[in-house]
Structures are given as structure tokens and as C-alpha cells.
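**Student:** Structure in C-alpha cells, see below.
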Amino acid sequence: MTGPARAERPERFISLDMFRGATIFLMIVVNTAGAGTPYTQLEHAPWIGFTLADLIYPSFLFAVGNAMSFALTRPMSDRVFLRRVVRRAALIFLLGVLMYWYPFVAHGDGGWSAKPFAETRLTGVLQRIALCYLLASLLARYLTPRRLLLAAVALVAAHWAILLVFSPAG
């Protein structure tokens, strides 16, 4: 059966899909480690150290960066680019906020009441991914490779300085 002509869908990168799936699988295992004391690798390390659980967030950012290299290199006007990037970042951020706010109501002694928005975490993982995606997209689009490298070094140095100045002693 033939129908009207469809726009060709972009090619899927199976290896990236597999990586995302493995990362989500690992995230589920870490988040639902079971009763009792979980394996050390399924808990986040203290300030000094590294475990398998600490690999999840960087893996998501790696997957986002790889997907950006495929999706944002197609020719498009600045207006289309900005609309896509801002819309996707806002959607990811909103989903993160709604995930922390859910369920939106709570049952207490006085019956059902709306859960206060003030109890919602605004700095969750999805919100951070959205901000990283937005910043990385804009930097990659509008900076030359040399300036992009300088921006990366400056961001790492700024992160290091913030940790040095604002981290508690010891």
C-alpha cells in the first residue's frame, strides 16, 4: 500500500540508542537498589571517590553531546536553530520540575491539599541536563573551534574556583 510521500526520517544511530538504554538501565538499578545495604558501587561516593553510580549523570551528558553532533549540524537558519534548542531545553527543564513536584497533591490530616511548589527541587538532573544542552548548543553554534576550546577551559577553571572558594573546609 502506498500513501502520500513522506519526509524521510533521519537515520537512527543504534550505538547511541544502546548507550542511552544502558545508562537508563544503570540509573534504574542505582535508584532501586533494594532493601538493606546496597552494594558500594550503587551508592554515590563521598566527596573523594568514584563509583558506578557517579557515572550516570556524565553518561547522560555524553549522550546529549553526541546526539547534538548529529541533530544540530544540519543546515538551518539561526531562527530555526534557536527555536529548536530553546524549546527542547525548556521542555526538558519543565519535565524535571514536574517530576520532582509530582504528585501535585498530598493527603494530610485536613484532607487533600495542593503540594506547595516551594517544596519542588529546581536543580534536579533533568534541569541540569537542560541547562548544559542549552549552553553547549549555543557555544557550539556561535563560537569558532579555538574559542570553543577556550570557553571549555574557562568553564572548567570557573567550576574549580567555585568549588575551591565555596566548599566547606575539610
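So you can find residues: chains in the C-alpha cells are A, B, ... in the order shown, residues in each start at 1, and ligands are numbered from 1 in order.
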Check chain A with DSSP on the backbone and list each residue it calls alpha helix (DSSP H), as a ChimeraX atom specification.

**Tutor:** /A:14-31,56-71,78-101,125-142,145-166

**Student:** Using DSSP on the backbone coordinates, identify all residues within chain A classified as strand (DSSP E); present the result as a count of residues only.

**Tutor:** 8

**Student:** Near A:Arg88, counting only C-alpha atoms, which residues have an atom at most 12 Å away, once you skip same-chain residues fewer than 2 positions from it, shown as a count of residues only?

**Tutor:** 23

**Student:** Separation of atom CA of A:Asp54 and atom CA of A:Asn31, in Å?

**Tutor:**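 Computed distance, atom CA of A:Asp54 to atom CA of A:Asn31, equals 12.0 Å.
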
**Student:** For each of A:Ile14, A:Ala67, A:Leu61, A:Leu148, take the minimum atom-to-atom distance to A:Arg128, counting only C-alpha atoms, then give the residue where this is smallest.

**Tutor:**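 Nearest candidate to A:Arg128 out of A:Ile14, A:Ala67, A:Leu61, A:Leu148: A:Leu61.
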